[in-house]
Amino acid sequence: MNNIFETAKIKELLPKIKRFVKENLYELETPKNLNELFSKIEPLLLEKRELVKKEGLFGLHLSEQEGGLGLSLCEFGQISEVLAYSPFGHFVFNTQAPDIGNTELLHKYASKELKDKYLKPLQEGKIRSCFSMTEPEFAGSNPVMMGTTAVKAGSDYIINGHKWFTSSADGAAFAVVMAVTNPDAAPHQRASQIIVPLDTSGYEFIRNIPIMGHSGDGWASHAEVKYNNVKVPQSNLVGEEGSGFKLAQERLGPGRIHHCMRFIGIAQRSFDLMCQYALKRKIADDKTLGHQQFIHGFIAESKAEIDSTRLLVLNTAKNIDEFGASACRDEISAIKFHTANMMLRVVDRAIQVHGGLGMTNDVVLSYWYAHERASRIYDGADEVHKSALAKNILKNFNPLSL
């Protein structure tokens with residue numbers, strides 16, 4: 001079948017990555033590894049990273065100058081889908097969120113000093129990072145409402161604030177903190193992004209927040225933290241002061257492609273498991289689930305939804321490559337809510353086909369069902385994206401058929 005987004009690089013890389021994921025990661029998807037603390041399996045995953053390096057597949061998202069292949073967003077999106085076939089794929093290839101977003105942010109906007117100190121070891125997989133923006137006291141759907149402040153004191157910033165869903169803060173070396181530096185400025189020019197090493201005095205790790213009953217640890221966690229008079233040099237500023245919202249949007253544009261292609265990978269793996277089980281699960285001596293017409297509906301609808309969504313997302317990625325994220329805001333909003341909902345529907349159907357087995361930890365489906373429900377909330381809730389898209393459509397309405 002013709003892949004209209006395929007390039008010479010993708011044609012060479014995808015078979016290698018698929019083989020690696022199937023041969024090295026599927027076997028790790030045991031109930032223990034999926035549902036116990038991440039720190040228990042992390043040493044094994046880091047061993048797999050060494051195998052990735054030996055095969056020359058490490059750092060694929062980096063520029064050629066940084067040792068990568070200089071892939072376009074559309075090219076890397078196709079790789080991201082394959083890595084998502086396993087919950088461990090992105091981590092093993094060091095392309096996991098939030099690190100990949102911070103890598104892109106620092107690459108584009110950090111000073112040379114910050115790049116040497118934080119970006120280089122992050123790219124090499126020697127440290128992890130986190131992104132500290134969401135606050136429990138304020139609605140995440142309105143990011144201009146933020147209580148965390150960074151006040152200048154001599155050559156330093158003094159940061160105070162309360163954050164939660166600072167994903168992967170547990171064990172991270174540093175956070176990129178969103179804080180108000182210019183309270184009297186226009187709403188979208190009040191905040192800045194500042195690097196805070198997490199061994200700085202005044203940083204308080206409160207807890208890993210339980211998600212569907214699972215608190216997790218290490219990379220697979222979402223922390224509540226506080227910044228209590230945390231002092232960092234003003235040279236830790238990323239980009240210009242007051243540009244925090246602009247940087248967040250630039251980070252989130254490509255980031256939503258990463259997420260959406262990951263959702264598609266999850267949906268594709270769930271679809272494959274659904275079909276595989278439908279073919280082998282007997283419901284009578286001469287019949288399997290695959291003979292049932294209502295199962296045919298699950299399969300047909302899932303196939304059409306996955307394939308059409310993949311085209312939608314990759315087309316958006318290609319447009320971002322050509323025209324920039326700011327020119328593709330409507331497309332980015334559309335793919336975020338559309339892809340998350342598609343993925344959750346496919347996972348739900350796959351669980352239904354597996355029956356009682358689908359609810360257990362014996363298959364990876366229950367892991368995704370619990371951990372991916374949040375996909376309709378983070379990086380902008382469905383309702384926010386739908387409202388923004390509809391407003392822009394009506395504001396710039398240009399009838400094509402009338």
# chains A, B, ... in the order shown; residues from 1 in each chain; ligands from 1
>>> select_by_dssp(residues="segment 159-273 of chain A", states="strand (DSSP E or B)", output="PyMOL selection string")
chain A and resi 159-167+174-180+191-197+203-208+211+214+216-217+220-233+237-238
>>> residues_around(residues="Thr288 of chain A", least_positions_apart="6", cutoff="12 Å", atoms="only C-alpha atoms", output="VMD selection string")
chain A and resid 275 to 282 295 to 296 353
>>> write_last_selection(atoms="N, CA and C atoms", output="PDB file, in the first residue's frame")
ATOM      1  N   CYS A 275      -8.300  -7.895  16.573  1.00  0.00           N
ATOM      2  CA  CYS A 275      -8.476  -8.810  15.439  1.00  0.00           C
ATOM      3  C   CYS A 275      -7.878 -10.181  15.737  1.00  0.00           C
ATOM      4  N   GLN A 276      -6.706 -10.183  16.332  1.00  0.00           N
ATOM      5  CA  GLN A 276      -6.036 -11.439  16.666  1.00  0.00           C
ATOM      6  C   GLN A 276      -6.896 -12.278  17.606  1.00  0.00           C
ATOM      7  N   TYR A 277      -7.471 -11.630  18.606  1.00  0.00           N
ATOM      8  CA  TYR A 277      -8.299 -12.361  19.571  1.00  0.00           C
ATOM      9  C   TYR A 277      -9.609 -12.815  18.938  1.00  0.00           C
ATOM     10  N   ALA A 278     -10.187 -11.974  18.076  1.00  0.00           N
ATOM     11  CA  ALA A 278     -11.446 -12.340  17.411  1.00  0.00           C
ATOM     12  C   ALA A 278     -11.267 -13.586  16.544  1.00  0.00           C
ATOM     13  N   LEU A 279     -10.097 -13.752  15.969  1.00  0.00           N
ATOM     14  CA  LEU A 279      -9.843 -14.907  15.098  1.00  0.00           C
ATOM     15  C   LEU A 279      -9.619 -16.194  15.872  1.00  0.00           C
ATOM     16  N   LYS A 280      -9.131 -16.091  17.089  1.00  0.00           N
ATOM     17  CA  LYS A 280      -8.774 -17.320  17.819  1.00  0.00           C
ATOM     18  C   LYS A 280      -9.754 -17.696  18.929  1.00  0.00           C
ATOM     19  N   ARG A 281     -10.563 -16.748  19.402  1.00  0.00           N
ATOM     20  CA  ARG A 281     -11.441 -17.033  20.545  1.00  0.00           C
ATOM     21  C   ARG A 281     -12.694 -17.768  20.084  1.00  0.00           C
ATOM     22  N   LYS A 282     -12.802 -19.037  20.458  1.00  0.00           N
ATOM     23  CA  LYS A 282     -13.957 -19.842  20.051  1.00  0.00           C
ATOM     24  C   LYS A 282     -15.158 -19.543  20.927  1.00  0.00           C
ATOM     25  N   ILE A 295     -18.977  -7.896  15.912  1.00  0.00           N
ATOM     26  CA  ILE A 295     -17.523  -7.766  15.952  1.00  0.00           C
ATOM     27  C   ILE A 295     -17.023  -7.171  14.635  1.00  0.00           C
ATOM     28  N   HIS A 296     -17.668  -7.551  13.529  1.00  0.00           N
ATOM     29  CA  HIS A 296     -17.317  -6.964  12.233  1.00  0.00           C
ATOM     30  C   HIS A 296     -17.475  -5.448  12.275  1.00  0.00           C
ATOM     31  N   VAL A 353     -14.107  -6.839  23.060  1.00  0.00           N
ATOM     32  CA  VAL A 353     -13.902  -8.093  22.331  1.00  0.00           C
ATOM     33  C   VAL A 353     -13.181  -9.114  23.198  1.00  0.00           C
TER      34      VAL A 353
END
>>> closest_atom_pairs(of="segment 197-219 of chain A", to="segment 31-41 of chain A", cutoff="9 Å", atoms="only C-alpha atoms", output="Markdown table")
| residue | atom | partner | partner_atom | distance |
| --- | --- | --- | --- | --- |
| A:His214 | CA | A:Asn35 | CA | 8.0 |
| A:Ser215 | CA | A:Leu37 | CA | 8.4 |
| A:Gly216 | CA | A:Leu37 | CA | 5.3 |
| A:Asp217 | CA | A:Phe38 | CA | 5.7 |
| A:Gly218 | CA | A:Ser39 | CA | 6.0 |
| A:Trp219 | CA | A:Phe38 | CA | 7.1 |
>>> atom_distance(atom1="atom CA of Ile127 of chain A", atom2="atom CA of Phe165 of chain A")
19.4 Å
>>> closest_residue(among="A:Leu289, A:Ala374, A:Ala84, A:Leu389", to="Gln352 of chain A", atoms="only C-alpha atoms")
A:Leu289
>>> residues_around(residues="segment 129-141 of chain A", least_positions_apart="6", cutoff="8 Å", atoms="only C-alpha atoms", output="MDAnalysis selection string")
chainID A and resid 98:99 102 122 147 162:169 172:179 380:381 384
>>> write_last_selection(atoms="N, CA, C and O atoms", output="tab-separated table (two decimals), in the first residue's frame")
chain	number	residue	atom	x	y	z
A	98	PRO	N	7.87	14.34	29.18
A	98	PRO	CA	7.97	15.71	28.66
A	98	PRO	C	9.36	16.07	28.12
A	98	PRO	O	9.59	17.20	27.71
A	99	ASP	N	10.28	15.10	28.15
A	99	ASP	CA	11.67	15.41	27.76
A	99	ASP	C	11.80	15.86	26.32
A	99	ASP	O	12.57	16.77	26.01
A	102	ASN	N	10.83	19.47	26.05
A	102	ASN	CA	11.84	20.34	26.64
A	102	ASN	C	13.11	20.38	25.79
A	102	ASN	O	13.77	21.42	25.69
A	122	LEU	N	20.44	15.87	28.58
A	122	LEU	CA	19.07	15.44	28.32
A	122	LEU	C	18.99	14.68	27.00
A	122	LEU	O	18.35	13.62	26.91
A	147	GLY	N	-0.79	31.54	39.53
A	147	GLY	CA	-0.36	32.15	40.78
A	147	GLY	C	1.13	32.11	41.03
A	147	GLY	O	1.63	32.84	41.89
A	162	HIS	N	2.67	26.89	43.51
A	162	HIS	CA	2.15	25.55	43.76
A	162	HIS	C	1.74	24.95	42.42
A	162	HIS	O	0.91	25.52	41.71
A	163	LYS	N	2.34	23.83	42.04
A	163	LYS	CA	2.07	23.19	40.76
A	163	LYS	C	1.62	21.74	40.98
A	163	LYS	O	1.99	21.10	41.96
A	164	TRP	N	0.84	21.26	40.03
A	164	TRP	CA	0.59	19.82	40.03
A	164	TRP	C	0.54	19.32	38.58
A	164	TRP	O	0.57	20.11	37.65
A	165	PHE	N	0.48	17.98	38.45
A	165	PHE	CA	0.64	17.35	37.15
A	165	PHE	C	1.92	17.82	36.46
A	165	PHE	O	1.96	18.04	35.26
A	166	THR	N	2.95	17.99	37.29
A	166	THR	CA	4.30	18.19	36.77
A	166	THR	C	4.84	16.79	36.46
A	166	THR	O	5.51	16.17	37.29
A	167	SER	N	4.48	16.31	35.30
A	167	SER	CA	4.73	14.91	34.96
A	167	SER	C	6.22	14.59	34.97
A	167	SER	O	7.04	15.35	34.47
A	168	SER	N	6.54	13.44	35.58
A	168	SER	CA	7.90	12.89	35.62
A	168	SER	C	8.84	13.71	36.49
A	168	SER	O	10.07	13.58	36.36
A	169	ALA	N	8.32	14.53	37.40
A	169	ALA	CA	9.19	15.30	38.29
A	169	ALA	C	9.97	14.39	39.23
A	169	ALA	O	11.09	14.71	39.64
A	172	ALA	N	13.57	13.70	38.32
A	172	ALA	CA	14.05	14.58	37.25
A	172	ALA	C	15.18	15.47	37.78
A	172	ALA	O	15.25	15.78	38.97
A	173	ALA	N	16.05	15.90	36.87
A	173	ALA	CA	17.16	16.77	37.25
A	173	ALA	C	16.75	18.24	37.30
A	173	ALA	O	17.27	19.01	38.10
A	174	PHE	N	15.81	18.62	36.43
A	174	PHE	CA	15.38	20.02	36.41
A	174	PHE	C	13.96	20.13	35.89
A	174	PHE	O	13.44	19.22	35.24
A	175	ALA	N	13.34	21.27	36.22
A	175	ALA	CA	12.01	21.61	35.71
A	175	ALA	C	12.10	22.88	34.88
A	175	ALA	O	12.91	23.77	35.18
A	176	VAL	N	11.30	22.94	33.83
A	176	VAL	CA	11.05	24.21	33.15
A	176	VAL	C	9.77	24.75	33.78
A	176	VAL	O	8.69	24.17	33.61
A	177	VAL	N	9.90	25.84	34.53
A	177	VAL	CA	8.79	26.36	35.34
A	177	VAL	C	8.18	27.57	34.65
A	177	VAL	O	8.87	28.51	34.25
A	178	MET	N	6.87	27.54	34.54
A	178	MET	CA	6.11	28.68	34.02
A	178	MET	C	5.73	29.55	35.22
A	178	MET	O	5.06	29.09	36.15
A	179	ALA	N	6.18	30.80	35.22
A	179	ALA	CA	5.92	31.70	36.33
A	179	ALA	C	5.68	33.12	35.84
A	179	ALA	O	6.23	33.54	34.81
A	380	GLY	N	-4.76	20.86	26.80
A	380	GLY	CA	-6.00	21.49	26.36
A	380	GLY	C	-7.14	20.50	26.31
A	380	GLY	O	-7.10	19.53	25.55
A	381	ALA	N	-8.13	20.70	27.17
A	381	ALA	CA	-9.29	19.80	27.20
A	381	ALA	C	-10.04	19.85	25.87
A	381	ALA	O	-9.98	20.83	25.13
A	384	VAL	N	-12.09	22.95	25.15
A	384	VAL	CA	-11.34	24.17	24.82
A	384	VAL	C	-10.95	24.15	23.35
A	384	VAL	O	-11.09	25.16	22.64
>>> residues_around(residues="Asp321 of chain A", least_positions_apart="2", cutoff="10 Å", atoms="only C-alpha atoms", output="VMD selection string")
chain A and resid 72 to 75 254 315 to 319 323 to 325
>>> residues_around(residues="Val144 of chain A", least_positions_apart="4", cutoff="10 Å", atoms="only C-alpha atoms", output="PyMOL selection string")
chain A and resi 138-140+180+186-191+245
>>> write_last_selection(atoms="N, CA and C atoms", output="mmCIF file, in the first residue's frame")
data_model
loop_
_atom_site.group_PDB
_atom_site.id
_atom_site.type_symbol
_atom_site.label_atom_id
_atom_site.label_comp_id
_atom_site.auth_asym_id
_atom_site.auth_seq_id
_atom_site.Cartn_x
_atom_site.Cartn_y
_atom_site.Cartn_z
ATOM 1 N N PHE A 138 -5.998 26.964 39.951
ATOM 2 C CA PHE A 138 -6.492 27.691 38.780
ATOM 3 C C PHE A 138 -6.839 26.721 37.661
ATOM 4 N N ALA A 139 -7.828 27.095 36.871
ATOM 5 C CA ALA A 139 -8.262 26.239 35.771
ATOM 6 C C ALA A 139 -7.194 26.180 34.690
ATOM 7 N N GLY A 140 -6.771 24.975 34.344
ATOM 8 C CA GLY A 140 -5.777 24.822 33.299
ATOM 9 C C GLY A 140 -6.275 25.264 31.937
ATOM 10 N N VAL A 180 4.882 33.868 36.577
ATOM 11 C CA VAL A 180 4.581 35.261 36.230
ATOM 12 C C VAL A 180 5.769 36.132 36.615
ATOM 13 N N ALA A 186 0.417 42.774 29.486
ATOM 14 C CA ALA A 186 -0.765 42.180 28.862
ATOM 15 C C ALA A 186 -0.846 40.703 29.262
ATOM 16 N N PRO A 187 -2.057 40.138 29.341
ATOM 17 C CA PRO A 187 -2.229 38.787 29.886
ATOM 18 C C PRO A 187 -1.273 37.737 29.325
ATOM 19 N N HIS A 188 -1.056 37.746 28.023
ATOM 20 C CA HIS A 188 -0.219 36.704 27.428
ATOM 21 C C HIS A 188 1.263 37.079 27.383
ATOM 22 N N GLN A 189 1.612 38.175 28.071
ATOM 23 C CA GLN A 189 3.020 38.565 28.151
ATOM 24 C C GLN A 189 3.492 38.671 29.599
ATOM 25 N N ARG A 190 2.742 38.049 30.491
ATOM 26 C CA ARG A 190 3.072 38.140 31.923
ATOM 27 C C ARG A 190 4.041 37.056 32.384
ATOM 28 N N ALA A 191 3.990 35.898 31.744
ATOM 29 C CA ALA A 191 4.733 34.740 32.256
ATOM 30 C C ALA A 191 6.006 34.481 31.474
ATOM 31 N N PHE A 245 4.138 32.263 27.347
ATOM 32 C CA PHE A 245 2.984 31.705 26.642
ATOM 33 C C PHE A 245 3.311 31.415 25.186
#
>>> select_by_dssp(residues="segment 12-54 of chain A", states="alpha helix (DSSP H)", output="JSON, numbers by chain")
{"A": [12, 13, 14, 15, 16, 17, 18, 19, 20, 31, 32, 33, 34, 35, 38, 39, 40, 41, 42, 43, 44, 45, 46, 47, 48, 49, 50, 51, 52, 53, 54]}
>>> residues_around(residues="Gly68 of chain A", least_positions_apart="2", cutoff="10 Å", atoms="only C-alpha atoms", output="PyMOL selection string")
chain A and resi 56-66+70-71+123
>>> closest_residue(among="A:Glu250, A:Glu305, A:Glu241, A:Glu55", to="Leu344 of chain A", atoms="only C-alpha atoms")
A:Glu305
>>> atom_distance(atom1="atom CA of Tyr369 of chain A", atom2="atom CA of Asp272 of chain A")
15.9 Å
>>> closest_residue(among="A:Ile306, A:Met146, A:Ala220, A:Leu237", to="Ser111 of chain A", atoms="only C-alpha atoms")
A:Leu237
>>> closest_residue(among="A:Leu28, A:Ala267, A:Asp116, A:Asp330", to="Lys395 of chain A", atoms="only C-alpha atoms")
A:Asp330
>>> residues_around(residues="Tyr85 of chain A", least_positions_apart="2", cutoff="12 Å", atoms="only C-alpha atoms", output="PyMOL selection string")
chain A and resi 17-26+29+78-83+87-90+261-273+364-365+368
>>> write_last_selection(atoms="N, CA, C and O atoms", output="short mmCIF file (atom, residue, chain, number, x, y, z; two decimals), in the first residue's frame")
data_model
loop_
_atom_site.label_atom_id
_atom_site.label_comp_id
_atom_site.auth_asym_id
_atom_site.auth_seq_id
_atom_site.Cartn_x
_atom_site.Cartn_y
_atom_site.Cartn_z
N ILE A 17 12.73 -0.10 13.27
CA ILE A 17 12.13 0.27 14.55
C ILE A 17 11.01 -0.70 14.92
O ILE A 17 10.87 -1.12 16.07
N LYS A 18 10.18 -1.07 13.94
CA LYS A 18 9.12 -2.05 14.19
C LYS A 18 9.70 -3.36 14.70
O LYS A 18 9.19 -3.95 15.66
N ARG A 19 10.76 -3.82 14.07
CA ARG A 19 11.38 -5.07 14.48
C ARG A 19 11.90 -4.96 15.91
O ARG A 19 11.70 -5.86 16.72
N PHE A 20 12.56 -3.85 16.22
CA PHE A 20 13.11 -3.68 17.57
C PHE A 20 12.00 -3.70 18.62
O PHE A 20 12.12 -4.37 19.65
N VAL A 21 10.93 -2.95 18.36
CA VAL A 21 9.82 -2.88 19.32
C VAL A 21 9.21 -4.26 19.54
O VAL A 21 8.97 -4.68 20.69
N LYS A 22 8.96 -4.98 18.47
CA LYS A 22 8.33 -6.30 18.59
C LYS A 22 9.24 -7.32 19.26
O LYS A 22 8.80 -8.12 20.09
N GLU A 23 10.53 -7.27 18.93
CA GLU A 23 11.45 -8.29 19.44
C GLU A 23 11.95 -8.00 20.85
O GLU A 23 12.31 -8.91 21.59
N ASN A 24 11.97 -6.73 21.24
CA ASN A 24 12.59 -6.37 22.51
C ASN A 24 11.63 -5.81 23.57
O ASN A 24 11.95 -5.87 24.76
N LEU A 25 10.49 -5.28 23.14
CA LEU A 25 9.63 -4.59 24.11
C LEU A 25 8.33 -5.32 24.43
O LEU A 25 7.84 -5.25 25.56
N TYR A 26 7.76 -6.02 23.45
CA TYR A 26 6.49 -6.71 23.72
C TYR A 26 6.63 -7.70 24.87
O TYR A 26 5.73 -7.86 25.69
N GLU A 29 5.91 -6.54 28.47
CA GLU A 29 4.58 -6.07 28.86
C GLU A 29 3.86 -7.08 29.75
O GLU A 29 2.75 -7.53 29.47
N GLN A 78 5.66 9.58 12.10
CA GLN A 78 5.46 8.19 11.68
C GLN A 78 6.26 7.23 12.55
O GLN A 78 5.81 6.11 12.84
N ILE A 79 7.43 7.68 13.01
CA ILE A 79 8.21 6.88 13.94
C ILE A 79 7.52 6.83 15.30
O ILE A 79 7.46 5.78 15.95
N SER A 80 6.97 7.95 15.72
CA SER A 80 6.30 8.02 17.02
C SER A 80 5.13 7.04 17.10
O SER A 80 4.89 6.45 18.15
N GLU A 81 4.42 6.86 16.00
CA GLU A 81 3.33 5.89 16.00
C GLU A 81 3.85 4.49 16.30
O GLU A 81 3.27 3.77 17.13
N VAL A 82 4.93 4.10 15.67
CA VAL A 82 5.47 2.76 15.87
C VAL A 82 6.01 2.58 17.29
O VAL A 82 5.82 1.54 17.92
N LEU A 83 6.67 3.60 17.82
CA LEU A 83 7.17 3.52 19.20
C LEU A 83 6.02 3.32 20.19
O LEU A 83 6.20 2.70 21.24
N PRO A 87 4.00 0.51 25.54
CA PRO A 87 4.08 1.62 26.51
C PRO A 87 5.52 2.01 26.84
O PRO A 87 5.75 3.10 27.36
N PHE A 88 6.49 1.13 26.52
CA PHE A 88 7.88 1.43 26.83
C PHE A 88 8.66 1.99 25.65
O PHE A 88 9.83 2.35 25.79
N GLY A 89 8.03 2.10 24.48
CA GLY A 89 8.75 2.45 23.27
C GLY A 89 9.42 3.80 23.32
O GLY A 89 10.62 3.94 23.04
N HIS A 90 8.68 4.84 23.65
CA HIS A 90 9.25 6.18 23.63
C HIS A 90 10.35 6.33 24.67
O HIS A 90 11.37 6.99 24.41
N MET A 261 0.21 11.12 17.25
CA MET A 261 0.76 9.94 16.59
C MET A 261 0.94 8.80 17.59
O MET A 261 0.82 7.62 17.24
N ARG A 262 1.24 9.16 18.84
CA ARG A 262 1.30 8.13 19.88
C ARG A 262 -0.09 7.53 20.09
O ARG A 262 -0.24 6.31 20.23
N PHE A 263 -1.13 8.37 20.10
CA PHE A 263 -2.49 7.85 20.23
C PHE A 263 -2.81 6.88 19.09
O PHE A 263 -3.44 5.84 19.30
N ILE A 264 -2.37 7.22 17.89
CA ILE A 264 -2.65 6.37 16.73
C ILE A 264 -1.92 5.03 16.88
O ILE A 264 -2.46 3.97 16.54
N GLY A 265 -0.68 5.08 17.40
CA GLY A 265 0.05 3.84 17.63
C GLY A 265 -0.65 2.95 18.64
O GLY A 265 -0.73 1.72 18.47
N ILE A 266 -1.17 3.55 19.71
CA ILE A 266 -1.93 2.79 20.70
C ILE A 266 -3.17 2.18 20.07
O ILE A 266 -3.51 1.01 20.29
N ALA A 267 -3.87 2.98 19.26
CA ALA A 267 -5.08 2.49 18.60
C ALA A 267 -4.74 1.34 17.64
O ALA A 267 -5.46 0.34 17.58
N GLN A 268 -3.65 1.48 16.90
CA GLN A 268 -3.27 0.44 15.94
C GLN A 268 -2.93 -0.87 16.66
O GLN A 268 -3.35 -1.95 16.23
N ARG A 269 -2.18 -0.79 17.73
CA ARG A 269 -1.84 -2.01 18.48
C ARG A 269 -3.09 -2.62 19.09
O ARG A 269 -3.27 -3.85 19.09
N SER A 270 -3.98 -1.80 19.62
CA SER A 270 -5.23 -2.30 20.19
C SER A 270 -6.08 -2.97 19.12
O SER A 270 -6.70 -4.01 19.36
N PHE A 271 -6.12 -2.36 17.94
CA PHE A 271 -6.84 -2.93 16.80
C PHE A 271 -6.27 -4.31 16.44
O PHE A 271 -7.02 -5.27 16.22
N ASP A 272 -4.95 -4.41 16.37
CA ASP A 272 -4.32 -5.68 16.02
C ASP A 272 -4.63 -6.76 17.06
O ASP A 272 -4.90 -7.91 16.72
N LEU A 273 -4.58 -6.38 18.34
CA LEU A 273 -4.91 -7.33 19.39
C LEU A 273 -6.37 -7.76 19.31
O LEU A 273 -6.70 -8.93 19.54
N VAL A 364 -2.30 -5.61 27.67
CA VAL A 364 -1.89 -4.21 27.80
C VAL A 364 -3.07 -3.25 27.69
O VAL A 364 -2.97 -2.07 28.05
N LEU A 365 -4.21 -3.73 27.22
CA LEU A 365 -5.36 -2.86 26.99
C LEU A 365 -5.83 -2.15 28.24
O LEU A 365 -6.18 -0.96 28.20
N TRP A 368 -3.68 0.89 29.06
CA TRP A 368 -3.99 2.07 28.25
C TRP A 368 -5.33 2.68 28.63
O TRP A 368 -5.49 3.91 28.64
#
>>> atom_distance(atom1="atom CA of Lys120 of chain A", atom2="atom CA of Ile206 of chain A")
28.5 Å
>>> closest_residue(among="A:Lys16, A:Lys336, A:Lys115, A:Lys108", to="Gly255 of chain A", atoms="only C-alpha atoms")
A:Lys336
